[in-house]
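Colleague: This one is query34.txt, compact mmCIF, C-alpha atoms.
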# COMPACT_ATOMS: atom_id res chain seq x y z
CA MET A 550 70.36 44.29 82.60
CA LYS A 551 71.96 42.23 85.34
CA LEU A 552 70.66 42.88 88.81
CA ASP A 553 73.33 43.66 91.34
CA LEU A 554 72.81 40.83 93.80
CA SER A 555 76.12 41.06 95.62
CA GLY A 556 74.57 42.90 98.54
CA LEU A 557 72.37 39.94 99.37
CA GLN A 558 75.34 37.79 100.35
CA SER A 559 75.93 39.72 103.53
CA PHE A 560 72.42 39.18 104.88
CA PRO A 561 72.06 36.88 107.92
CA SER A 562 70.70 33.49 106.95
CA ILE A 563 66.96 33.24 107.34
CA PRO A 564 66.07 30.91 110.22
CA GLY A 565 64.82 27.86 108.35
CA GLY A 566 62.34 26.74 110.98
CA ALA A 567 60.24 24.13 109.25
CA VAL A 568 61.86 20.72 109.16
CA ASP A 569 59.49 19.41 106.52
CA ASP A 570 60.69 21.70 103.84
CA LEU A 571 57.91 22.02 101.39
CA GLY A 572 60.19 21.43 98.44
CA GLU A 573 58.51 23.84 96.17
CA ASP A 574 58.79 22.84 92.65
CA LEU A 575 58.05 25.37 90.09
CA PHE A 576 55.90 24.04 87.37
CA ALA A 577 58.15 25.58 84.85
CA PRO A 578 56.46 25.97 81.54
CA PRO A 579 58.60 24.69 78.75
CA SER A 580 60.95 27.10 77.06
CA PHE A 581 58.99 27.92 74.00
CA GLN A 582 57.65 31.07 72.54
CA LEU A 583 54.80 31.72 70.18
CA PRO A 584 54.79 35.26 68.86
CA ALA A 585 51.02 35.25 68.47
CA CYS A 586 49.60 35.23 72.02
CA SER A 587 46.30 33.47 72.01
CA ASP A 588 44.63 35.84 74.44
CA VAL A 589 45.84 39.13 73.01
CA PRO A 590 44.06 40.11 69.81
CA ASP A 591 46.79 42.16 68.26
CA SER A 592 48.41 42.18 64.84
CA ARG A 593 51.06 39.74 65.95
CA ALA A 594 48.48 36.98 65.73
CA SER A 595 48.70 37.20 61.96
CA MET A 596 52.08 35.51 62.10
CA GLY A 597 50.05 32.34 62.36
CA GLY A 598 51.54 29.37 64.09
CA TYR A 599 55.17 30.15 63.41
CA ILE A 600 57.50 28.96 66.13
CA SER A 601 60.11 31.62 66.73
CA SER A 602 62.18 29.87 69.32
CA GLN A 603 62.35 26.59 71.22
CA SER A 604 64.80 27.85 73.81
CA VAL A 605 63.27 30.80 75.56
CA LYS A 606 64.01 31.09 79.29
CA LYS A 607 60.60 31.17 80.88
CA ILE A 608 61.83 31.20 84.44
CA ILE A 609 62.91 34.64 85.49
CA GLU A 610 65.26 34.84 88.45
CA ILE A 611 64.06 37.85 90.41
CA ASN A 612 66.67 37.34 93.12
CA PRO A 613 68.49 34.31 94.58
CA TYR A 614 65.50 33.18 96.62
CA MET A 615 62.60 34.19 94.36
CA LEU A 616 61.58 33.03 90.91
CA GLY A 617 58.90 34.12 88.47
CA THR A 618 57.44 32.09 85.61
CA MET A 619 56.40 33.47 82.27
CA ALA A 620 53.19 32.88 80.33
CA GLY A 621 51.35 35.14 77.92
CA GLY A 622 53.30 37.91 76.26
CA ALA A 623 57.05 37.33 76.59
CA ALA A 624 57.99 40.98 76.43
CA ASP A 625 55.43 41.94 79.06
CA CYS A 626 56.53 39.17 81.41
CA GLN A 627 60.23 39.87 81.03
CA PHE A 628 59.87 43.58 81.46
CA TRP A 629 57.59 43.49 84.48
CA HIS A 630 59.53 40.76 86.23
CA ARG A 631 62.72 42.77 85.90
CA ASN A 632 60.85 45.81 87.12
CA LEU A 633 59.71 43.73 90.09
CA GLY A 634 63.31 42.71 90.73
CA ILE A 635 64.32 46.36 90.85
CA LYS A 636 61.53 47.19 93.26
CA CYS A 637 62.46 44.25 95.51
CA ARG A 638 66.06 45.40 95.64
CA LEU A 639 65.03 48.95 96.44
CA HIS A 640 62.84 47.59 99.23
CA GLU A 641 65.82 45.72 100.68
CA LEU A 642 68.00 48.80 100.60
CA ALA A 643 65.33 50.97 102.15
CA ASN A 644 64.25 48.51 104.86
CA LYS A 645 67.45 46.51 105.44
CA ARG A 646 65.63 43.23 105.07
CA ARG A 647 64.52 41.01 102.23
CA ILE A 648 61.06 41.50 100.84
CA SER A 649 58.57 38.73 101.53
CA VAL A 650 57.00 36.70 98.71
CA THR A 651 53.63 38.16 99.76
CA GLY A 652 55.01 41.65 99.37
CA ALA A 653 56.70 41.00 96.04
CA SER A 654 53.61 39.43 94.51
CA LYS A 655 51.48 42.29 95.81
CA LEU A 656 53.82 44.83 94.20
CA LEU A 657 53.51 43.08 90.85
CA ALA A 658 49.75 42.61 91.14
CA ASN A 659 49.21 46.30 91.90
CA ILE A 660 51.30 47.36 88.92
CA LEU A 661 49.45 45.01 86.59
CA TYR A 662 46.08 46.10 87.96
CA SER A 663 46.89 49.72 87.18
CA TYR A 664 47.44 48.71 83.53
CA ARG A 665 44.24 46.69 83.39
CA GLY A 666 42.41 46.92 80.08
CA MET A 667 45.43 48.30 78.23
CA GLY A 668 46.40 45.05 76.59
CA LEU A 669 49.09 43.62 78.82
CA SER A 670 49.24 39.85 78.74
CA VAL A 671 50.93 38.35 81.75
CA GLY A 672 50.24 35.08 83.55
CA THR A 673 52.85 34.39 86.15
CA MET A 674 53.65 32.51 89.34
CA ILE A 675 55.88 34.10 91.96
CA ALA A 676 57.57 31.49 94.08
CA GLY A 677 60.06 32.05 96.83
CA TRP A 678 61.22 31.41 100.33
CA ASP A 679 61.03 34.05 103.04
CA GLU A 680 60.90 34.21 106.85
CA LYS A 681 57.51 32.57 106.91
CA GLY A 682 58.67 29.68 104.76
CA PRO A 683 57.73 28.88 101.18
CA GLY A 684 55.32 31.08 99.28
CA LEU A 685 53.59 30.60 95.94
CA TYR A 686 51.39 33.21 94.32
CA TYR A 687 49.60 33.36 91.00
CA VAL A 688 49.47 36.85 89.46
CA ASP A 689 47.96 37.84 86.13
CA SER A 690 47.42 40.88 83.96
CA GLU A 691 43.72 41.08 84.86
CA GLY A 692 44.95 42.08 88.30
CA GLY A 693 44.24 38.73 89.92
CA ARG A 694 46.47 37.46 92.73
CA LEU A 695 45.99 34.13 94.44
CA LYS A 696 47.95 32.29 97.10
CA GLY A 697 48.10 28.54 96.74
CA THR A 698 50.03 25.30 96.96
CA ARG A 699 49.98 24.41 93.30
CA PHE A 700 49.28 26.28 90.08
CA SER A 701 49.54 25.82 86.37
CA VAL A 702 49.52 28.77 83.99
CA GLY A 703 49.37 29.22 80.24
CA SER A 704 47.68 27.73 77.21
CA GLY A 705 48.78 24.21 78.17
CA SER A 706 47.67 24.59 81.78
CA PRO A 707 44.50 22.45 81.65
CA TYR A 708 46.56 19.46 80.53
CA ALA A 709 49.19 20.07 83.19
CA TYR A 710 46.52 20.47 85.87
CA GLY A 711 45.12 17.04 85.07
CA VAL A 712 48.43 15.33 85.71
CA LEU A 713 49.33 17.58 88.64
CA ASP A 714 46.06 17.19 90.50
CA SER A 715 46.09 13.43 90.24
CA GLY A 716 49.60 13.04 91.61
CA TYR A 717 49.96 15.86 94.14
CA ARG A 718 50.37 15.43 97.90
CA PHE A 719 51.39 18.17 100.32
CA ASP A 720 54.18 16.09 101.86
CA MET A 721 55.82 14.69 98.74
CA PRO A 722 59.60 14.32 98.71
CA VAL A 723 61.50 16.63 96.38
CA GLU A 724 62.45 14.05 93.74
CA GLU A 725 58.86 12.84 93.44
CA ALA A 726 57.59 16.42 93.18
CA ALA A 727 60.16 17.18 90.48
CA GLU A 728 59.14 14.13 88.48
CA LEU A 729 55.44 15.03 88.82
CA ALA A 730 56.14 18.54 87.59
CA ARG A 731 58.20 17.23 84.67
CA ARG A 732 55.40 14.83 83.68
CA ALA A 733 52.80 17.57 83.93
CA ILE A 734 54.80 19.80 81.62
CA TYR A 735 55.49 16.96 79.20
CA HIS A 736 51.78 16.15 78.93
CA ALA A 737 50.97 19.80 78.33
CA THR A 738 53.51 20.00 75.53
CA PHE A 739 52.11 16.84 73.95
CA ARG A 740 48.56 18.12 73.67
CA ASP A 741 48.98 21.86 73.38
CA GLY A 742 50.30 23.26 70.12
CA ALA A 743 51.71 26.36 71.77
CA SER A 744 53.86 24.50 74.28
CA GLY A 745 57.05 22.65 73.67
CA GLY A 746 60.82 22.74 73.82
CA VAL A 747 62.48 22.18 77.17
CA ALA A 748 60.91 21.36 80.53
CA SER A 749 62.95 23.07 83.26
CA VAL A 750 62.41 22.16 86.88
CA TYR A 751 63.59 24.41 89.71
CA HIS A 752 63.50 23.79 93.43
CA VAL A 753 63.07 26.65 95.90
CA GLY A 754 64.33 25.89 99.37
CA PRO A 755 65.48 27.79 102.47
CA ASP A 756 68.79 28.63 100.81
CA GLY A 757 67.24 29.89 97.61
CA TRP A 758 66.40 28.36 94.26
CA LYS A 759 68.31 25.72 92.41
CA LYS A 760 67.77 24.34 88.92
CA LEU A 761 67.15 20.62 89.09
CA SER A 762 66.84 19.65 85.44
CA GLY A 763 66.15 20.83 81.93
CA ASP A 764 64.88 18.08 79.65
CA ASP A 765 63.99 18.33 76.00
CA VAL A 766 60.36 17.19 75.79
CA GLY A 767 60.94 15.55 72.43
CA GLU A 768 63.27 13.14 74.18
CA LEU A 769 61.03 12.84 77.24
CA HIS A 770 58.27 11.46 75.03
CA TYR A 771 60.36 8.54 73.89
CA LYS A 772 61.66 8.03 77.43
CA TYR A 773 58.13 7.73 78.86
CA TYR A 774 56.71 5.89 75.84
CA PRO A 775 59.55 4.05 74.15
CA VAL A 776 58.90 2.85 70.63
CA ALA A 777 58.56 -0.91 70.83
CA PRO A 778 60.75 -2.34 68.08
CA THR A 779 58.69 -4.51 65.74
CA PRO A 780 59.99 -6.42 62.73
CA VAL A 781 58.57 -3.81 60.34
CA GLU A 782 60.19 -0.96 62.19
CA GLN A 783 63.61 -2.54 62.03
CA GLU A 784 63.83 -1.53 58.39
CA MET A 785 62.97 2.10 59.03
CA THR A 786 65.74 4.59 58.84
CA ASP A 787 65.26 6.81 61.84
CA ALA A 788 65.01 10.31 60.46
CA PRO A 789 66.46 12.36 63.32
CA ALA A 790 64.28 15.16 64.61
CA ALA A 791 65.47 18.69 63.82
CA MET B 660 58.71 15.11 45.64
CA VAL B 661 59.26 13.55 42.23
CA ARG B 662 62.05 11.86 40.41
CA LYS B 663 62.20 10.26 37.02
CA THR B 664 61.21 6.81 38.16
CA CYS B 665 59.68 7.27 41.58
CA PHE B 666 57.96 9.78 43.79
CA ALA B 667 57.54 10.36 47.48
CA ILE B 668 54.63 11.83 49.36
CA ALA B 669 54.78 12.75 53.03
CA SER B 670 52.54 14.27 55.66
CA ASP B 671 52.46 14.88 59.38
CA ARG B 672 50.05 13.03 61.64
CA ARG B 673 48.44 15.66 63.80
CA LEU B 674 44.73 16.33 64.03
CA GLY B 675 43.99 19.39 66.11
CA VAL B 676 41.41 22.05 66.89
CA ASN B 677 43.22 25.37 67.17
CA LEU B 678 45.94 24.65 69.70
CA GLN B 679 44.57 21.42 71.14
CA THR B 680 45.82 18.17 69.67
CA ILE B 681 43.07 15.63 69.26
CA ALA B 682 44.90 12.78 67.54
CA THR B 683 48.42 11.89 66.53
CA ASP B 684 47.66 9.22 63.94
CA PHE B 685 45.53 11.06 61.43
CA GLU B 686 45.95 9.76 57.89
CA ARG B 687 46.17 12.47 55.29
CA ILE B 688 47.54 10.53 52.35
CA PHE B 689 44.99 8.50 50.45
CA LYS B 690 45.39 5.94 47.71
CA ILE B 691 43.39 6.43 44.55
CA HIS B 692 44.97 3.57 42.66
CA ASP B 693 48.32 1.77 42.69
CA LYS B 694 50.21 4.58 41.03
CA LEU B 695 48.24 7.53 42.36
CA TYR B 696 48.17 8.99 45.85
CA ILE B 697 46.73 12.24 47.04
CA GLY B 698 47.65 14.18 50.18
CA LEU B 699 45.00 16.55 51.49
CA SER B 700 45.55 19.27 54.09
CA GLY B 701 43.10 21.58 55.82
CA LEU B 702 39.85 21.00 57.69
CA ALA B 703 39.55 17.29 58.52
CA THR B 704 35.89 17.00 57.57
CA ASP B 705 36.60 18.61 54.20
CA VAL B 706 39.56 16.27 53.69
CA HIS B 707 37.29 13.26 54.16
CA THR B 708 34.50 14.68 52.01
CA LEU B 709 36.84 15.54 49.16
CA TYR B 710 38.49 12.15 49.33
CA GLN B 711 35.14 10.41 49.11
CA ARG B 712 34.08 12.54 46.15
CA LEU B 713 37.35 11.86 44.33
CA ILE B 714 37.19 8.11 44.92
CA PHE B 715 33.63 8.13 43.63
CA ARG B 716 34.59 10.00 40.46
CA HIS B 717 37.58 7.77 39.89
CA LYS B 718 35.55 4.58 40.28
CA LEU B 719 33.06 5.85 37.70
CA TYR B 720 35.96 6.63 35.39
CA GLN B 721 37.35 3.14 35.89
CA LEU B 722 34.01 1.59 35.00
CA ARG B 723 33.66 3.66 31.83
CA GLU B 724 37.24 3.62 30.58
CA GLU B 725 38.27 0.24 32.02
CA ARG B 726 41.58 1.65 33.16
CA ASP B 727 43.08 3.83 35.87
CA MET B 728 43.15 7.61 35.62
CA LYS B 729 46.43 9.21 34.69
CA PRO B 730 47.87 11.59 37.33
CA ARG B 731 47.60 14.56 34.97
CA THR B 732 43.94 13.83 34.34
CA PHE B 733 43.35 13.36 38.05
CA ALA B 734 45.00 16.68 38.75
CA SER B 735 42.56 18.34 36.37
CA LEU B 736 39.72 16.66 38.19
CA VAL B 737 40.95 17.91 41.57
CA SER B 738 41.51 21.41 40.29
CA ALA B 739 38.03 21.49 38.79
CA LEU B 740 36.59 20.48 42.15
CA LEU B 741 38.65 23.10 43.96
CA TYR B 742 38.17 25.89 41.43
CA GLU B 743 41.81 26.63 41.03
CA LYS B 744 44.63 26.15 38.55
CA ARG B 745 46.66 23.06 39.14
CA GLU B 746 50.37 23.05 39.83
CA LEU B 747 52.35 20.69 37.67
CA ALA B 748 55.70 20.91 39.33
CA LYS B 749 58.78 19.14 38.11
CA ASP B 750 60.28 18.91 41.56
CA PHE B 751 57.93 19.24 44.53
CA VAL B 752 54.63 20.59 45.79
CA VAL B 753 53.78 21.57 49.36
CA SER B 754 50.65 22.50 51.25
CA GLY B 755 49.45 22.99 54.80
CA THR B 756 49.98 25.32 57.74
CA ALA B 757 53.74 24.88 57.54
CA SER B 758 53.84 25.47 53.78
CA GLU B 759 56.23 28.42 53.95
CA SER B 760 58.75 26.46 55.99
CA LEU B 761 58.24 23.51 53.68
CA TYR B 762 59.00 25.57 50.59
CA GLY B 763 62.23 26.73 52.14
CA ALA B 764 63.27 23.28 53.30
CA CYS B 765 62.42 21.54 50.02
CA GLU B 766 64.06 24.23 47.93
CA SER B 767 67.32 23.88 49.78
CA MET B 768 67.35 20.10 50.16
CA TYR B 769 66.00 18.97 46.80
CA LYS B 770 68.30 17.75 44.03
CA PRO B 771 67.15 16.21 40.77
CA ASN B 772 67.75 12.52 40.03
CA MET B 773 67.87 11.09 43.52
CA GLU B 774 67.79 7.42 44.38
CA PRO B 775 64.68 6.24 46.26
CA GLU B 776 66.53 5.95 49.57
CA GLU B 777 68.02 9.41 49.18
CA LEU B 778 64.62 10.75 48.16
CA PHE B 779 63.08 9.26 51.28
CA GLU B 780 65.80 10.79 53.46
CA THR B 781 65.44 14.20 51.83
CA ILE B 782 61.67 14.35 52.07
CA SER B 783 61.73 13.15 55.68
CA GLN B 784 64.29 15.73 56.74
CA ALA B 785 62.42 18.50 54.93
CA LEU B 786 59.14 17.48 56.58
CA LEU B 787 60.52 17.10 60.09
CA SER B 788 62.50 20.31 60.08
CA SER B 789 59.53 22.30 58.74
CA VAL B 790 56.96 20.94 61.15
CA ASP B 791 59.29 21.59 64.07
CA ARG B 792 58.88 25.27 63.30
CA ASP B 793 55.08 25.09 63.23
CA CYS B 794 52.87 24.72 66.30
CA LEU B 795 50.02 23.22 64.35
CA SER B 796 51.91 20.44 62.57
CA GLY B 797 53.92 17.50 63.61
CA TRP B 798 53.59 14.73 66.10
CA GLY B 799 55.17 12.20 63.73
CA GLY B 800 55.28 11.74 59.98
CA HIS B 801 54.15 9.39 57.27
CA VAL B 802 56.06 8.85 54.05
CA LEU B 803 55.33 6.78 50.98
CA VAL B 804 57.97 6.21 48.35
CA THR B 805 57.41 4.25 45.18
CA PRO B 806 60.20 2.97 43.05
CA THR B 807 58.49 -0.20 41.85
CA GLU B 808 56.34 -0.98 44.86
CA VAL B 809 54.98 1.28 47.58
CA GLN B 810 57.03 1.62 50.73
CA GLU B 811 55.18 3.15 53.58
CA ARG B 812 57.11 4.39 56.58
CA THR B 813 56.27 6.22 59.78
CA LEU B 814 58.66 8.84 61.09
CA LYS B 815 59.64 9.39 64.68
CA GLY B 816 59.39 13.08 65.29
CA ARG B 817 59.19 15.56 68.13
CA MET B 818 55.88 15.06 69.92
CA ASP B 819 55.39 18.63 71.02
In structure tokens, what does this structure look like?

Modeller:
Amino acid sequence: MKLDLSGLQSFPSIPGGAVDDLGEDLFAPPSFQLPACSDVPDSRASMGGYISSQSVKKIIEINPYMLGTMAGGAADCQFWHRNLGIKCRLHELANKRRISVTGASKLLANILYSYRGMGLSVGTMIAGWDEKGPGLYYVDSEGGRLKGTRFSVGSGSPYAYGVLDSGYRFDMPVEEAAELARRAIYHATFRDGASGGVASVYHVGPDGWKKLSGDDVGELHYKYYPVAPTPVEQEMTDAPAA
Amino acid sequence: MVRKTCFAIASDRRLGVNLQTIATDFERIFKIHDKLYIGLSGLATDVHTLYQRLIFRHKLYQLREERDMKPRTFASLVSALLYEKRELAKDFVVSGTASESLYGACESMYKPNMEPEELFETISQALLSSVDRDCLSGWGGHVLVTPTEVQERTLKGRMD
């Protein structure tokens, strides 16, 4: 279902006060889906480690200035993010102004809290730009909601946190932040069996979100750690990866 | 995979605990003697234990019989240790967490009477495409092909 976003075009541009735009980079989890969610003990876990897709879109575009990331159950995340998009649009129509990131994340958190204990599996970050500037919230299906400057969510998150925490500064330029995010995702895909595929990086600024890059992590590995050609390896026929 | 005059044995290189990857250079193919290799999948500690037991039994055999064990005999030994019937396939055998994918890939890619190079290519493609559909396998590959001498090669695969 495509959200009707045409109405948003006529809104007056939000006064972008802050000169140091906190180029918010979304630590986009790679596009990869495992049907058996590790934290939901349901019958789908019996599918074992089968990889169903390497090209799932894990960034959900709620509206042109707000993004949500997906971790946990794909169906739950997709459904509830779209539901959130509907609620945000209804808020705009009722109040004649865009909803704030605080408000949007609170809406989602309240919905998820009301389903607590019923088996939903959602780990998400809501990132956006509103009148107060950039906003980043972590929301999960336990009903938790946290405001912060950097988060990592999902089964590969501990690995991504390691890289992220060591390289993060509040006043980084956008390109550096994008590269840090890409590295963090790549390292998570390397160590975690349930992460892989494509690392997508988005930037959320005063004019909305923009996709910066989408790199296949299989290729990123050999870009960061190129195979040094040795005499023995010259003879090898390079079996191309599937 | 087997052919009239050579065979190929391949494995991935991941060692993991559930979803976490511990190592990407784990050796799963072991040499028993010049013409006999065994690939073992499953729990790493069991792999090592079984390998040590088999080497021990084979060395005793060598001392008594003054020759190497034939593959068929060795297969009986392994099956006795594992309490199950052995598979004597004419084309290929697979095992591991990606075994279903591997069956499909090998079945479609295998042809009888392949040259060693073609055999290497086929087994590598089958391995890489199967492990790319399994979260718990991958991170490179290791292939041995023997026409007259053993050729050991490492594969560059997706490291996710």

Colleague: Can you tell me, as a PyMOL selection string, what residues are no more than 8 Å from range 680-695 of chain B when counting only C-alpha atoms, ignoring any on the same chain fewer than 4 positions away?

Modeller: (chain A and resi 739-742) or (chain B and resi 668-676+699-700+706+710+714+717+727+730+798-799)

Colleague: Distance limit 6 Å, atoms considered: all atoms listed in the file. Which chain B residues sit that close to chain A? Return them as a PyMOL selection string.

Modeller: chain B and resi 678-680+788+792-795+816-819

Colleague: Between B:Arg731, B:Lys815, B:Thr704, B:Thr805, single out the one closest to Glu774 in chain B, counting only C-alpha atoms.

Modeller: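 Using only C-alpha atoms, the shortest distance to Glu774 in chain B belongs to B:Thr805.
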
Colleague: With only C-alpha atoms as the counted atoms, please give the residues lying no more than 8 Å from range 629-636 of chain A, apart from itself and same-chain residues fewer than 3 positions off, as a PDB file with C-alpha atoms, in the frame of the given file.

Modeller:
ATOM      1  CA  LEU A 552      70.660  42.880  88.810  1.00  0.00           C
ATOM      2  CA  ILE A 609      62.910  34.640  85.490  1.00  0.00           C
ATOM      3  CA  ILE A 611      64.060  37.850  90.410  1.00  0.00           C
ATOM      4  CA  ASN A 612      66.670  37.340  93.120  1.00  0.00           C
ATOM      5  CA  GLY A 617      58.900  34.120  88.470  1.00  0.00           C
ATOM      6  CA  ASP A 625      55.430  41.940  79.060  1.00  0.00           C
ATOM      7  CA  CYS A 626      56.530  39.170  81.410  1.00  0.00           C
ATOM      8  CA  LEU A 639      65.030  48.950  96.440  1.00  0.00           C
ATOM      9  CA  HIS A 640      62.840  47.590  99.230  1.00  0.00           C
ATOM     10  CA  ALA A 653      56.700  41.000  96.040  1.00  0.00           C
ATOM     11  CA  LEU A 656      53.820  44.830  94.200  1.00  0.00           C
ATOM     12  CA  LEU A 657      53.510  43.080  90.850  1.00  0.00           C
TER      13      LEU A 657
END

Colleague: How would you write as a VMD selection string the residues that get within 8 Å of (58.3, 12.5, 44.5) in the file's frame, counting all atoms listed in the file?

Modeller: chain B and resid 660 to 662 665 to 668 750 to 751 778 804

Colleague: Under the rule that only C-alpha atoms are counted, which of B:Ile782, B:Ala748, B:Leu814, B:Val809 is the nearest residue to Met768 in chain B?

Modeller: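 When distances to Met768 in chain B are compared using only C-alpha atoms, the smallest one comes from B:Ile782.
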
Colleague: As a PDB file, in the frame of the given file, could you write out range 811-819 of chain B once it has been completed with all heavy atoms?

Modeller:
ATOM      1  N   GLU B 811      55.787   2.198  52.662  1.00  0.00           N
ATOM      2  CA  GLU B 811      55.180   3.150  53.580  1.00  0.00           C
ATOM      3  C   GLU B 811      55.965   3.162  54.863  1.00  0.00           C
ATOM      4  O   GLU B 811      56.252   2.110  55.415  1.00  0.00           O
ATOM      5  CB  GLU B 811      53.758   2.663  53.867  1.00  0.00           C
ATOM      6  CG  GLU B 811      52.841   3.723  54.355  1.00  0.00           C
ATOM      7  CD  GLU B 811      51.456   3.163  54.577  1.00  0.00           C
ATOM      8  OE1 GLU B 811      50.901   2.642  53.605  1.00  0.00           O
ATOM      9  OE2 GLU B 811      50.998   3.233  55.709  1.00  0.00           O
ATOM     10  N   ARG B 812      56.340   4.352  55.347  1.00  0.00           N
ATOM     11  CA  ARG B 812      57.110   4.390  56.580  1.00  0.00           C
ATOM     12  C   ARG B 812      56.579   5.494  57.495  1.00  0.00           C
ATOM     13  O   ARG B 812      56.167   6.542  57.032  1.00  0.00           O
ATOM     14  CB  ARG B 812      58.576   4.669  56.289  1.00  0.00           C
ATOM     15  CG  ARG B 812      59.164   3.607  55.392  1.00  0.00           C
ATOM     16  CD  ARG B 812      60.614   3.805  55.227  1.00  0.00           C
ATOM     17  NE  ARG B 812      61.005   3.373  53.906  1.00  0.00           N
ATOM     18  CZ  ARG B 812      62.268   3.222  53.512  1.00  0.00           C
ATOM     19  NH1 ARG B 812      63.240   3.491  54.364  1.00  0.00           N
ATOM     20  NH2 ARG B 812      62.541   2.812  52.310  1.00  0.00           N
ATOM     21  N   THR B 813      56.671   5.207  58.793  1.00  0.00           N
ATOM     22  CA  THR B 813      56.270   6.220  59.780  1.00  0.00           C
ATOM     23  C   THR B 813      57.522   6.834  60.356  1.00  0.00           C
ATOM     24  O   THR B 813      58.504   6.154  60.593  1.00  0.00           O
ATOM     25  CB  THR B 813      55.481   5.546  60.913  1.00  0.00           C
ATOM     26  OG1 THR B 813      54.666   4.534  60.369  1.00  0.00           O
ATOM     27  CG2 THR B 813      54.606   6.550  61.604  1.00  0.00           C
ATOM     28  N   LEU B 814      57.479   8.158  60.573  1.00  0.00           N
ATOM     29  CA  LEU B 814      58.660   8.840  61.090  1.00  0.00           C
ATOM     30  C   LEU B 814      58.500   9.122  62.569  1.00  0.00           C
ATOM     31  O   LEU B 814      57.413   9.434  63.044  1.00  0.00           O
ATOM     32  CB  LEU B 814      58.845  10.186  60.376  1.00  0.00           C
ATOM     33  CG  LEU B 814      59.085  10.158  58.885  1.00  0.00           C
ATOM     34  CD1 LEU B 814      59.148  11.580  58.381  1.00  0.00           C
ATOM     35  CD2 LEU B 814      60.371   9.450  58.569  1.00  0.00           C
ATOM     36  N   LYS B 815      59.627   9.044  63.268  1.00  0.00           N
ATOM     37  CA  LYS B 815      59.640   9.390  64.680  1.00  0.00           C
ATOM     38  C   LYS B 815      60.001  10.853  64.775  1.00  0.00           C
ATOM     39  O   LYS B 815      61.099  11.246  64.422  1.00  0.00           O
ATOM     40  CB  LYS B 815      60.752   8.549  65.335  1.00  0.00           C
ATOM     41  CG  LYS B 815      60.443   8.016  66.701  1.00  0.00           C
ATOM     42  CD  LYS B 815      61.507   7.019  67.118  1.00  0.00           C
ATOM     43  CE  LYS B 815      62.534   7.683  68.015  1.00  0.00           C
ATOM     44  NZ  LYS B 815      63.318   6.692  68.757  1.00  0.00           N
ATOM     45  N   GLY B 816      59.074  11.672  65.218  1.00  0.00           N
ATOM     46  CA  GLY B 816      59.390  13.080  65.290  1.00  0.00           C
ATOM     47  C   GLY B 816      59.222  13.624  66.687  1.00  0.00           C
ATOM     48  O   GLY B 816      58.898  12.889  67.614  1.00  0.00           O
ATOM     49  N   ARG B 817      59.419  14.935  66.846  1.00  0.00           N
ATOM     50  CA  ARG B 817      59.190  15.560  68.130  1.00  0.00           C
ATOM     51  C   ARG B 817      57.687  15.553  68.414  1.00  0.00           C
ATOM     52  O   ARG B 817      56.906  15.939  67.560  1.00  0.00           O
ATOM     53  CB  ARG B 817      59.675  17.003  68.089  1.00  0.00           C
ATOM     54  CG  ARG B 817      61.157  17.176  68.204  1.00  0.00           C
ATOM     55  CD  ARG B 817      61.461  18.644  68.294  1.00  0.00           C
ATOM     56  NE  ARG B 817      61.011  19.192  69.554  1.00  0.00           N
ATOM     57  CZ  ARG B 817      61.767  19.309  70.629  1.00  0.00           C
ATOM     58  NH1 ARG B 817      63.015  18.910  70.578  1.00  0.00           N
ATOM     59  NH2 ARG B 817      61.300  19.818  71.734  1.00  0.00           N
ATOM     60  N   MET B 818      57.314  15.134  69.630  1.00  0.00           N
ATOM     61  CA  MET B 818      55.880  15.060  69.920  1.00  0.00           C
ATOM     62  C   MET B 818      55.467  16.262  70.748  1.00  0.00           C
ATOM     63  O   MET B 818      54.805  16.139  71.749  1.00  0.00           O
ATOM     64  CB  MET B 818      55.547  13.763  70.661  1.00  0.00           C
ATOM     65  CG  MET B 818      55.959  12.532  69.922  1.00  0.00           C
ATOM     66  SD  MET B 818      55.104  12.320  68.367  1.00  0.00           S
ATOM     67  CE  MET B 818      53.964  11.044  68.761  1.00  0.00           C
ATOM     68  N   ASP B 819      55.877  17.428  70.337  1.00  0.00           N
ATOM     69  CA  ASP B 819      55.390  18.630  71.020  1.00  0.00           C
ATOM     70  C   ASP B 819      54.952  19.638  69.980  1.00  0.00           C
ATOM     71  O   ASP B 819      54.782  20.782  70.257  1.00  0.00           O
ATOM     72  CB  ASP B 819      56.468  19.211  71.973  1.00  0.00           C
ATOM     73  CG  ASP B 819      57.689  19.732  71.230  1.00  0.00           C
ATOM     74  OD1 ASP B 819      57.766  19.539  69.993  1.00  0.00           O
ATOM     75  OD2 ASP B 819      58.564  20.335  71.858  1.00  0.00           O
TER      76      ASP B 819
END
